[in-house]
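Worksheet: the structure to be examined is printed underneath.
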Amino acid sequence: MSDFVKQILSLFPGPVNTARHIRRSRLDVIFPFYHAVSKTTLPHMVNLYPIRSPQEFKSDLDYMLKYFEPVSMSDYLSGSARLNKDKPPMILSFDDGLVQCYEELMPILESRSVPATFFLNNAFIDNKDLFYRFKVSLLIEQMENISLAAKEKAAEILHCSIHGIKNRLISVSYVEREITDQVADLWNYSFENYTRMNPVYLSSMQIIKMIGNGYEFGSHGIDHPLFSLLTKETALDHIRSSVDNLEHRFNLDYKYFAFPFTDSGVHDETINILFEKGVIDAGFGTAGLKDDKWPNYYQRMPMEMIGANAKKTLRGELNRRRLRMLLGRNVTNR
């Protein structure tokens, strides 16, 4: 469903009593997720999606805690969590393993005793590489400083007009991600210098410290691919390698995997095999408050819609869920 439709549905209030609205939605668990929380502008993300400030995130969190009980992923999945009959459990997560998780998020979570799971891209830990979409944002930020001649050369390899460079960069897909490095070379711009001066991702040491503080980690793919573009065999090998690497690297006794971007277009057979072969203990999509077909497979709720705080986002998701339930369409169809 498009962000426009989500915005429209979020305008409908639903019942005045939010707790009643949740009960009527037959919602027994919620999986909200974010990417970054930062008090400063992040050039590698500013052109991609909204970034919550610490104060905005605190407000979101305090609102959700009124209606949901924060629970760790492992406690929920094992059935050992002490559940509150008046509040469905909330399993909070964050994608991409950004350094702000350690520097800005962890103190907020600890101040409210909220557990969380962080989904990592193996190739980006310790700032060894950079997500191609982050490269796109950085290139867009550089455009004002680039000469006309350099823009013309970039337009040639991007197969667009000079005026269309920004939109073309935004549309770059995973399978053509190397083109971002080609443009950077033309513009004499170094992504390595950027990450050296401005660390983007968590370091291995920070991850180990967070694990020591009780936080959990899962896989988000080796380098954040769009899995619908991969063959079944490639997707399975990618997920297995990613999950196994994190399990051994950080001595994890669980195997969680969250599809980057979306699980739309991923065949059910692929997910079946992930469970049958024991590749994962739990898996996650990003379709909001939808139900799914496997006991340990869940859809998470994106929390970074433009112009929407947690209250507005939740209201829209609850309205969508109840509408889909009326139509008998609330089970994810990939």
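Letters for chains follow the order of the structure tokens (A, B, ...), residue numbers begin at 1 for each chain, and ligand numbers begin at 1 in the order shown.
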> Any idea what's packed within 9 Å of region 219-236 of chain A, counting only C-alpha atoms, ignoring anything in its chain fewer than 6 positions away? Could you give it as a PyMOL selection string?
Replying inline: chain A and resi 95-97+118-124+129-132+173-175+242-243+246+255-267+269-271+273-274+279
Export, as a PDB file, in the first residue's frame, the selected residues with C-alpha atoms.
```
ATOM      1  CA  ASP A  95      17.569  -1.828  10.887  1.00  0.00           C
ATOM      2  CA  ASP A  96      20.995  -1.391   9.280  1.00  0.00           C
ATOM      3  CA  GLY A  97      23.141  -1.407  12.447  1.00  0.00           C
ATOM      4  CA  PHE A 118      19.136  -4.709  15.907  1.00  0.00           C
ATOM      5  CA  PHE A 119      19.381  -6.117  12.385  1.00  0.00           C
ATOM      6  CA  LEU A 120      22.854  -5.934  10.837  1.00  0.00           C
ATOM      7  CA  ASN A 121      24.340  -6.070   7.356  1.00  0.00           C
ATOM      8  CA  ASN A 122      27.508  -8.164   7.651  1.00  0.00           C
ATOM      9  CA  ALA A 123      29.472  -6.269   5.000  1.00  0.00           C
ATOM     10  CA  PHE A 124      28.955  -2.912   6.707  1.00  0.00           C
ATOM     11  CA  ASP A 129      31.623  -0.775   3.167  1.00  0.00           C
ATOM     12  CA  LEU A 130      28.588   1.459   2.666  1.00  0.00           C
ATOM     13  CA  PHE A 131      24.999   0.680   1.622  1.00  0.00           C
ATOM     14  CA  TYR A 132      24.524   1.766  -1.991  1.00  0.00           C
ATOM     15  CA  SER A 173      18.670  -0.555  -7.906  1.00  0.00           C
ATOM     16  CA  TYR A 174      20.661  -3.190  -6.076  1.00  0.00           C
ATOM     17  CA  VAL A 175      21.702  -4.956  -9.283  1.00  0.00           C
ATOM     18  CA  SER A 242      24.664 -13.895   6.641  1.00  0.00           C
ATOM     19  CA  VAL A 243      22.989 -15.612   9.603  1.00  0.00           C
ATOM     20  CA  LEU A 246      26.718 -13.350  12.781  1.00  0.00           C
ATOM     21  CA  LYS A 255      19.092 -16.930  14.358  1.00  0.00           C
ATOM     22  CA  TYR A 256      16.871 -14.001  13.392  1.00  0.00           C
ATOM     23  CA  PHE A 257      16.497 -12.607   9.888  1.00  0.00           C
ATOM     24  CA  ALA A 258      14.656  -9.478   8.701  1.00  0.00           C
ATOM     25  CA  PHE A 259      14.241  -8.969   4.972  1.00  0.00           C
ATOM     26  CA  PRO A 260      15.710  -5.622   3.872  1.00  0.00           C
ATOM     27  CA  PHE A 261      13.354  -3.331   1.945  1.00  0.00           C
ATOM     28  CA  THR A 262      10.481  -5.851   1.821  1.00  0.00           C
ATOM     29  CA  ASP A 263       9.671  -9.544   1.532  1.00  0.00           C
ATOM     30  CA  SER A 264       7.248  -8.785  -1.306  1.00  0.00           C
ATOM     31  CA  GLY A 265       8.141 -10.951  -4.279  1.00  0.00           C
ATOM     32  CA  VAL A 266       9.936 -13.550  -2.135  1.00  0.00           C
ATOM     33  CA  HIS A 267       8.414 -16.972  -2.779  1.00  0.00           C
ATOM     34  CA  GLU A 269       8.878 -21.815  -0.784  1.00  0.00           C
ATOM     35  CA  THR A 270      12.006 -19.822   0.079  1.00  0.00           C
ATOM     36  CA  ILE A 271      10.686 -19.003   3.540  1.00  0.00           C
ATOM     37  CA  ILE A 273      13.064 -23.834   3.322  1.00  0.00           C
ATOM     38  CA  LEU A 274      14.565 -21.298   5.739  1.00  0.00           C
ATOM     39  CA  VAL A 279      18.550 -21.558   8.669  1.00  0.00           C
TER      40      VAL A 279
END
```
Region 26-81 of chain A: residues DSSP assigns to alpha helix (DSSP H), reported as a PDB file with C-alpha atoms, in the first residue's frame:
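Ended up saving to result-v8.pdb:
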```
ATOM      1  CA  PRO A  54      15.923  11.873  20.111  1.00  0.00           C
ATOM      2  CA  GLN A  55      13.010  13.920  21.409  1.00  0.00           C
ATOM      3  CA  GLU A  56      10.692  12.696  18.657  1.00  0.00           C
ATOM      4  CA  PHE A  57      11.707   9.113  19.334  1.00  0.00           C
ATOM      5  CA  LYS A  58      11.163   9.544  23.085  1.00  0.00           C
ATOM      6  CA  SER A  59       7.665  10.850  22.375  1.00  0.00           C
ATOM      7  CA  ASP A  60       6.969   7.918  20.052  1.00  0.00           C
ATOM      8  CA  LEU A  61       8.262   5.446  22.602  1.00  0.00           C
ATOM      9  CA  ASP A  62       6.316   6.941  25.508  1.00  0.00           C
ATOM     10  CA  TYR A  63       3.120   6.819  23.446  1.00  0.00           C
ATOM     11  CA  MET A  64       3.609   3.161  22.489  1.00  0.00           C
ATOM     12  CA  LEU A  65       4.444   2.210  26.062  1.00  0.00           C
ATOM     13  CA  LYS A  66       0.966   3.387  27.115  1.00  0.00           C
ATOM     14  CA  TYR A  67      -0.606   0.572  25.136  1.00  0.00           C
ATOM     15  CA  MET A  73      12.578 -10.949  20.934  1.00  0.00           C
ATOM     16  CA  SER A  74      13.912 -14.118  22.559  1.00  0.00           C
ATOM     17  CA  ASP A  75      11.542 -13.926  25.535  1.00  0.00           C
ATOM     18  CA  TYR A  76       8.560 -13.483  23.234  1.00  0.00           C
ATOM     19  CA  LEU A  77       9.539 -16.282  20.858  1.00  0.00           C
ATOM     20  CA  SER A  78      10.326 -18.699  23.686  1.00  0.00           C
TER      21      SER A  78
END
```
>> Among region 91-178 of chain A, which residues does DSSP mark as strand (DSSP E) when it is run on the backbone? Keep the chain and numbering as in the structure and answer as number ranges by chain.
In response: A: 93-95, 117-120
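CA of Arg322 (chain A) to CA of Phe33 (chain A) spans 20.8 Å [interatomic distance, one decimal].
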>> So that I can check the surroundings of region 176-186 of chain A, please list as a PyMOL selection string every protein, DNA and RNA residue that reaches within 12 Å of it, counting only C-alpha atoms and ignoring chain neighbours fewer than 4 positions away.
In response: chain A and resi 129-143+146-159+165-166+168-172+190-194+223-226+229
>> Between A:Arg240, A:Val99, A:Ile91, A:Asn84, which residue has the minimum interatomic distance to Gln299 (chain A), considering only C-alpha atoms?
In response: A:Ile91
>> From the options A:Glu104, A:Ile280, A:Ala310, A:Phe217, which residue's atoms come nearest to Tyr297 (chain A), counting only C-alpha atoms?
In response: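 Smallest distance to Tyr297 (chain A) is found for A:Ile280.
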> So how many Å separate CA of Ala287 (chain A) and CA of Ile30 (chain A), to one decimal?
Replying inline: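 Atom-to-atom, CA of Ala287 (chain A) to CA of Ile30 (chain A), that is 11.8 Å.
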>> Please list as a PyMOL selection string every residue within 10 Å of region 212-216 of chain A, counting only C-alpha atoms and excluding residues in the same chain fewer than 5 positions away.
In response: chain A and resi 72-74+93+106+110+114-119+206-207+252+254+256
Just C-alpha atoms for this one: save the residues we selected as a CSV table (one decimal), in the first residue's frame.
```
chain,number,residue,atom,x,y,z
A,72,SER,CA,12.7,-8.9,24.1
A,73,MET,CA,12.6,-10.9,20.9
A,74,SER,CA,13.9,-14.1,22.6
A,93,SER,CA,13.7,-3.3,16.4
A,106,MET,CA,20.8,2.8,23.8
A,110,GLU,CA,17.9,1.9,29.0
A,114,VAL,CA,13.0,-1.2,26.8
A,115,PRO,CA,14.7,-4.2,25.1
A,116,ALA,CA,15.3,-4.2,21.3
A,117,THR,CA,16.7,-6.2,18.4
A,118,PHE,CA,19.1,-4.7,15.9
A,119,PHE,CA,19.4,-6.1,12.4
A,206,GLN,CA,30.1,-1.7,20.2
A,207,ILE,CA,28.0,-4.7,19.1
A,252,LEU,CA,24.7,-15.8,19.3
A,254,TYR,CA,19.5,-17.6,18.1
A,256,TYR,CA,16.9,-14.0,13.4
```
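One finds CA of Ile306 (chain A) at 6.2 Å from CA of Pro50 (chain A).
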